[in-house]
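> Supplied structure: final22.cif, mmCIF, C-alpha atoms.
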data_structure
loop_
_atom_site.label_atom_id
_atom_site.label_comp_id
_atom_site.auth_asym_id
_atom_site.auth_seq_id
_atom_site.Cartn_x
_atom_site.Cartn_y
_atom_site.Cartn_z
CA PHE A 1 0.00 0.00 0.00
CA GLY A 2 1.39 3.37 -0.97
CA HIS A 3 5.17 3.69 -1.24
CA SER A 4 7.86 2.14 0.95
CA GLU A 5 11.60 2.07 0.32
CA ALA A 6 11.94 -1.00 2.56
CA ILE A 7 9.42 -2.96 0.51
CA LEU A 8 11.08 -1.81 -2.70
CA ALA A 9 14.45 -3.10 -1.48
CA ILE A 10 12.97 -6.48 -0.51
CA LEU A 11 11.24 -6.94 -3.87
CA GLU A 12 14.35 -5.90 -5.79
CA MET A 13 16.41 -8.46 -3.86
CA ALA A 14 13.84 -11.16 -4.57
CA LYS A 15 13.98 -10.27 -8.26
CA LYS A 16 17.78 -10.58 -8.29
CA GLU A 17 17.42 -14.07 -6.78
CA ASP A 18 15.22 -15.02 -9.77
CA LYS A 19 12.10 -15.55 -7.66
CA GLU A 20 8.82 -15.54 -9.57
CA PHE A 21 6.10 -13.34 -8.12
CA PHE A 22 3.47 -10.77 -9.02
CA VAL A 23 2.87 -7.59 -7.02
CA TRP A 24 -0.46 -5.83 -6.59
CA ILE A 25 0.13 -2.20 -5.63
CA VAL A 26 -2.74 -0.70 -3.66
CA ASP A 27 -3.15 3.06 -3.78
CA ALA A 28 -5.56 5.75 -2.64
CA ARG A 29 -6.18 9.41 -3.20
CA PRO A 30 -5.30 12.16 -2.64
CA LEU A 31 -1.55 11.42 -2.43
CA TRP A 32 -1.34 8.51 -4.91
CA GLU A 33 2.03 7.45 -3.47
CA GLY A 34 1.66 3.98 -4.93
CA LYS A 35 2.42 5.35 -8.38
CA GLN A 36 6.01 6.02 -7.27
CA LEU A 37 6.42 2.38 -6.25
CA LEU A 38 4.76 1.22 -9.46
CA SER A 39 7.19 3.21 -11.59
CA LYS A 40 10.24 1.86 -9.73
CA LEU A 41 9.04 -1.74 -9.88
CA ARG A 42 8.40 -1.50 -13.60
CA ASP A 43 11.92 -0.15 -14.14
CA THR A 44 13.25 -3.17 -12.24
CA GLY A 45 11.29 -5.57 -14.45
CA ILE A 46 8.97 -6.82 -11.72
CA ARG A 47 5.50 -7.89 -12.88
CA CYS A 48 2.93 -5.81 -11.09
CA GLY A 49 -0.64 -4.53 -11.11
CA TYR A 50 -2.20 -1.35 -9.79
CA ILE A 51 -5.53 -1.07 -7.98
CA ASN A 52 -7.35 1.46 -5.83
CA LEU A 53 -8.01 0.78 -2.17
CA ASN A 54 -11.78 0.66 -2.60
CA ALA A 55 -11.45 -2.20 -5.12
CA LEU A 56 -9.03 -4.31 -3.10
CA THR A 57 -11.56 -7.04 -2.36
CA TYR A 58 -11.67 -7.99 -6.05
CA VAL A 59 -8.04 -9.18 -6.04
CA MET A 60 -7.64 -10.30 -2.43
CA HIS A 61 -8.44 -13.92 -3.32
CA ARG A 62 -5.30 -13.96 -5.51
CA VAL A 63 -3.01 -12.62 -2.79
CA THR A 64 -0.73 -14.94 -0.79
CA LYS A 65 0.87 -12.34 1.50
CA VAL A 66 0.63 -8.62 2.20
CA PHE A 67 3.63 -6.32 2.63
CA LEU A 68 3.15 -2.96 4.33
CA GLY A 69 5.55 -0.15 5.12
CA ALA A 70 5.58 1.84 8.34
CA SER A 71 6.30 5.36 9.46
CA ALA A 72 6.74 4.27 13.07
CA LEU A 73 6.43 1.15 15.18
CA MET A 74 4.96 1.40 18.66
CA THR A 75 6.13 -0.67 21.62
CA ASN A 76 2.75 -2.39 21.86
CA GLY A 77 3.21 -3.73 18.31
CA ALA A 78 0.86 -1.24 16.68
CA VAL A 79 1.98 0.18 13.35
CA TYR A 80 1.79 3.90 12.58
CA GLY A 81 1.58 4.38 8.83
CA ARG A 82 -0.08 6.11 5.91
CA VAL A 83 -3.85 6.38 6.29
CA GLY A 84 -5.56 3.42 4.65
CA MET A 85 -2.95 0.90 5.72
CA ALA A 86 -5.09 -0.36 8.60
CA THR A 87 -7.89 -1.09 6.14
CA VAL A 88 -5.57 -3.26 4.04
CA ALA A 89 -4.32 -5.13 7.12
CA MET A 90 -7.81 -5.78 8.47
CA LEU A 91 -9.07 -6.99 5.10
CA ALA A 92 -6.09 -9.32 4.75
CA ASN A 93 -6.68 -10.65 8.26
CA ASP A 94 -10.32 -11.32 7.39
CA HIS A 95 -9.14 -13.37 4.37
CA HIS A 96 -6.56 -15.23 6.52
CA ILE A 97 -3.63 -13.73 4.59
CA PRO A 98 -0.40 -13.04 6.50
CA VAL A 99 0.51 -9.38 6.91
CA LEU A 100 4.21 -8.53 7.05
CA VAL A 101 5.25 -5.01 8.04
CA CYS A 102 8.62 -3.94 6.65
CA CYS A 103 10.18 -1.50 9.09
CA GLU A 104 13.72 -0.50 10.02
CA THR A 105 14.57 -0.66 13.72
CA TYR A 106 15.30 3.08 13.92
CA LYS A 107 11.55 3.65 13.44
CA ILE A 108 10.69 1.89 16.69
CA SER A 109 9.23 4.35 19.17
CA ASN A 110 8.91 4.11 22.94
CA ARG A 111 5.32 5.34 22.67
CA VAL A 112 2.19 3.23 22.98
CA GLN A 113 -0.57 4.45 20.68
CA LEU A 114 -4.03 2.89 20.67
CA GLU A 115 -5.80 5.04 18.07
CA SER A 116 -5.06 7.63 15.40
CA ILE A 117 -7.06 10.65 16.59
CA THR A 118 -5.14 11.79 19.67
CA PHE A 119 -1.82 11.93 17.83
CA ASN A 120 -1.83 12.46 14.07
CA GLU A 121 -0.90 14.89 11.31
CA LEU A 122 -3.32 16.89 9.20
CA GLY A 123 -2.80 17.43 5.49
CA ASP A 124 -4.07 20.23 3.30
CA PRO A 125 -7.88 19.77 3.11
CA ASP A 126 -7.93 21.31 -0.37
CA THR A 127 -6.21 18.20 -1.71
CA LEU A 128 -9.43 16.30 -1.00
CA VAL A 129 -11.28 18.64 -3.32
CA ARG A 130 -8.90 18.51 -6.26
CA SER A 131 -9.67 16.02 -9.00
CA PRO A 132 -7.36 12.96 -9.14
CA ASN A 133 -7.03 13.67 -12.86
CA PRO A 134 -6.49 17.36 -13.60
CA ASN A 135 -8.06 16.94 -17.04
CA ILE A 136 -11.19 15.11 -15.92
CA ALA A 137 -13.12 18.23 -14.97
CA SER A 138 -12.57 19.77 -18.38
CA GLN A 139 -13.77 16.71 -20.31
CA PRO A 140 -17.34 16.60 -21.62
CA ALA A 141 -19.72 14.48 -19.62
CA VAL A 142 -20.68 12.37 -22.66
CA LYS A 143 -19.10 12.54 -26.08
CA GLU A 144 -21.30 12.93 -29.15
CA SER A 145 -19.99 9.61 -30.49
CA ASP A 146 -21.12 7.91 -27.30
CA LYS A 147 -24.65 9.27 -27.72
CA GLU A 148 -24.87 7.92 -31.24
CA ASP A 149 -23.28 4.53 -30.50
CA THR A 150 -25.12 3.07 -27.51
CA THR A 151 -23.40 -0.27 -27.97
CA ASN A 152 -20.11 1.21 -26.78
CA SER A 153 -20.96 0.62 -23.14
CA ALA A 154 -17.40 0.91 -21.89
CA SER A 155 -16.98 4.38 -23.37
CA VAL A 156 -20.33 5.53 -22.01
CA PHE A 157 -19.47 4.13 -18.59
CA GLY A 158 -16.16 5.99 -18.58
CA SER A 159 -17.88 9.23 -19.55
CA SER A 160 -20.42 8.71 -16.77
CA LEU A 161 -17.63 8.40 -14.25
CA ALA A 162 -16.15 11.65 -15.54
CA ASN A 163 -19.53 13.31 -15.10
CA MET A 164 -19.84 11.99 -11.53
CA SER A 165 -16.35 13.23 -10.64
CA THR A 166 -17.11 16.66 -12.07
CA ASN A 167 -20.29 16.89 -10.00
CA ASN A 168 -18.42 15.93 -6.81
CA ILE A 169 -15.84 18.62 -7.44
CA ASP A 170 -18.55 21.25 -7.97
CA GLU A 171 -20.29 20.26 -4.72
CA LEU A 172 -17.12 20.84 -2.68
CA LYS A 173 -16.08 23.99 -4.50
CA GLY A 174 -15.90 26.87 -2.05
CA TRP A 175 -16.31 24.50 0.91
CA LYS A 176 -14.70 27.01 3.30
CA ASP A 177 -17.71 29.30 2.88
CA VAL A 178 -20.27 26.53 3.50
CA PRO A 179 -21.63 26.56 7.07
CA ASN A 180 -21.36 23.37 9.13
CA LEU A 181 -18.92 21.79 6.67
CA LYS A 182 -15.35 20.78 7.47
CA LEU A 183 -12.90 18.61 5.54
CA LEU A 184 -10.63 16.30 7.53
CA HIS A 185 -7.45 15.11 5.82
CA LEU A 186 -5.69 12.71 8.17
CA LEU A 187 -2.28 11.55 6.96
CA TYR A 188 -1.74 8.51 9.19
CA ASP A 189 -3.60 5.74 10.95
CA VAL A 190 -2.76 3.02 13.47
CA THR A 191 -2.89 -0.69 12.65
CA PRO A 192 -3.46 -2.82 15.77
CA SER A 193 -0.91 -5.56 16.42
CA GLU A 194 -3.50 -8.32 16.14
CA PHE A 195 -3.70 -7.66 12.40
CA VAL A 196 0.07 -8.01 11.92
CA SER A 197 1.62 -11.45 11.40
CA GLY A 198 5.26 -10.38 11.58
CA ILE A 199 7.58 -7.40 11.38
CA VAL A 200 10.48 -7.58 8.93
CA THR A 201 13.54 -5.68 10.17
CA GLU A 202 17.26 -5.70 9.38
CA VAL A 203 17.78 -7.98 12.40
CA GLY A 204 15.18 -10.52 11.30
CA ILE A 205 11.46 -11.15 11.44
CA ILE A 206 9.90 -10.62 14.85
CA PRO A 207 6.32 -10.90 16.14
CA PRO A 208 4.58 -7.67 17.17
CA THR A 209 4.72 -8.81 20.81
CA SER A 210 8.52 -8.66 20.72
CA VAL A 211 8.83 -5.00 19.72
CA ALA A 212 9.18 -3.85 23.31
CA VAL A 213 11.86 -6.49 23.95
CA LEU A 214 13.82 -5.39 20.87
CA LEU A 215 13.59 -1.74 21.90
CA ARG A 216 14.82 -2.58 25.39
CA GLU A 217 17.82 -4.44 23.96
CA MET A 218 18.62 -1.56 21.62
CA ASN A 219 18.27 1.08 24.36
CA PRO A 220 18.98 -0.55 27.73
CA GLN A 221 19.39 2.86 29.37
CA ASP A 222 15.81 3.84 28.52
CA SER A 223 13.10 1.55 29.84
CA THR A 224 10.26 4.08 30.13
CA PHE A 225 7.30 4.12 27.76
CA GLU A 226 5.01 6.99 26.86
CA VAL A 227 1.31 6.21 26.49
CA LEU A 228 -0.85 8.28 24.16
#
With the file now loaded, output its structure as structure tokens.

Amino acid sequence: FGHSEAILAILEMAKKEDKEFFVWIVDARPLWEGKQLLSKLRDTGIRCGYINLNALTYVMHRVTKVFLGASALMTNGAVYGRVGMATVAMLANDHHIPVLVCCETYKISNRVQLESITFNELGDPDTLVRSPNPNIASQPAVKESDKEDTTNSASVFGSSLANMSTNNIDELKGWKDVPNLKLLHLLYDVTPSEFVSGIVTEVGIIPPTSVAVLLREMNPQDSTFEVL
């Protein structure tokens, strides 16, 4: 999900060892960070597909394991990462698919975080309003050729989506002047440890329950934890 340098390094190493695999890259607006990973994987020659987060269920039955990056790793085994990551982990857990979080040990924090509201970062709310395709708002809702050829259902369907997107943009235009309306752009969320099968680090794969032990071994002088 999204973009992770740790996952990129793991997949590149697997490619060099001539392992056969296919990667589904899951992405979501408004940041579309998965496109960066897609571009790098294609340059490496790795076979991959690209899908939006809201359509993940359609390919989950083909998935054998899920790799996720992390912005921080809490001592209780919870993973602090890009918003949407918890959704992927919970869906994989529901399908009994192992979830492996790729995280360097320097990202381990001495904090314990149980949810993503108390401590989070807010992004620019205007990015939620902008169209994912800058040209989509300027396209006609339905082309004249589509009106004449009703058998071209795919083209008509695509034009309908463009029309829907244009309407959504118009509804949120000038949202700051609309009373009782606020846009919330959270950048991160917290994935509970029960949805994580293992954590891949440079010292090996550890269970989420061993994060606190690893942190204590790395920093024996600091044994205090901060709860948020």
> Just say which residues the PyMOL selection byres ((chain A and resi 117) around 12) picks in this file, as a list in words.
Tyr80, Val83, Gln113, Leu114, Glu115, Ser116, Thr118, Phe119, Asn120, Glu121, Leu122, Leu184, His185, Leu186, Leu187, Tyr188, Asp189, Val190 and Leu228 of chain A
> Got time to write the residues from that selection, C-alpha atoms, as an mmCIF file, in the frame of the given file?

data_model
loop_
_atom_site.group_PDB
_atom_site.id
_atom_site.type_symbol
_atom_site.label_atom_id
_atom_site.label_comp_id
_atom_site.auth_asym_id
_atom_site.auth_seq_id
_atom_site.Cartn_x
_atom_site.Cartn_y
_atom_site.Cartn_z
ATOM 1 C CA TYR A 80 1.790 3.900 12.580
ATOM 2 C CA VAL A 83 -3.850 6.380 6.290
ATOM 3 C CA GLN A 113 -0.570 4.450 20.680
ATOM 4 C CA LEU A 114 -4.030 2.890 20.670
ATOM 5 C CA GLU A 115 -5.800 5.040 18.070
ATOM 6 C CA SER A 116 -5.060 7.630 15.400
ATOM 7 C CA THR A 118 -5.140 11.790 19.670
ATOM 8 C CA PHE A 119 -1.820 11.930 17.830
ATOM 9 C CA ASN A 120 -1.830 12.460 14.070
ATOM 10 C CA GLU A 121 -0.900 14.890 11.310
ATOM 11 C CA LEU A 122 -3.320 16.890 9.200
ATOM 12 C CA LEU A 184 -10.630 16.300 7.530
ATOM 13 C CA HIS A 185 -7.450 15.110 5.820
ATOM 14 C CA LEU A 186 -5.690 12.710 8.170
ATOM 15 C CA LEU A 187 -2.280 11.550 6.960
ATOM 16 C CA TYR A 188 -1.740 8.510 9.190
ATOM 17 C CA ASP A 189 -3.600 5.740 10.950
ATOM 18 C CA VAL A 190 -2.760 3.020 13.470
ATOM 19 C CA LEU A 228 -0.850 8.280 24.160
#
> Evaluate the PyMOL selection byres ((chain A and resi 65) around 7) on the structure here and hand back the selected residues as a PyMOL selection string.
chain A and resi 63-64+66-67+97-99
> Can you pull out every residue within 10 Å of Ser210 of chain A, counting all atoms listed in the file, but drop anything in the same chain fewer than 2 positions away, and send it as a list of chain:residue names?
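My list of contacting residues is A:Thr75, A:Asn76, A:Gly77, A:Gly198, A:Ile199, A:Ile206, A:Pro207, A:Pro208, A:Ala212, A:Val213, A:Leu214, A:Leu215, A:Arg216.
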> Could you list the residues chosen by the PyMOL selection byres ((chain A and resi 22) around 6) in this structure as a PyMOL selection string?
chain A and resi 21+23+47-48
> Choose the residue, out of A:Gly204, A:Pro192, A:Gly2, A:Gly45, that has the smallest atom-to-atom separation from Ala86 of chain A; count only C-alpha atoms.
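Ranking A:Gly204, A:Pro192, A:Gly2, A:Gly45 by distance to Ala86 of chain A, first place goes to A:Pro192.
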> Rank A:Ser39, A:Ser197, A:Asn180, A:Ser71 by their smallest atom-to-atom distance to Leu100 of chain A, using only C-alpha atoms, and report the top residue only.
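Among the listed residues, the smallest separation from Leu100 of chain A belongs to A:Ser197.
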> Using atom CA of Asp27 of chain A and atom CA of Ser193 of chain A as the two end points, give the distance in Å to one decimal.
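These atoms are spaced 22.1 Å apart.
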> For Leu181 of chain A, list every protein, DNA or RNA residue within 12 Å, evaluated using only C-alpha atoms, and leave out those in the same chain fewer than 6 positions away; present the list as a list in words.
Pro125, Glu171, Leu172, Lys173, Gly174 and Trp175 of chain A
> To one decimal in Å, tell me the separation between atom CA of Gly34 of chain A and atom CA of Val203 of chain A.
26.5 Å
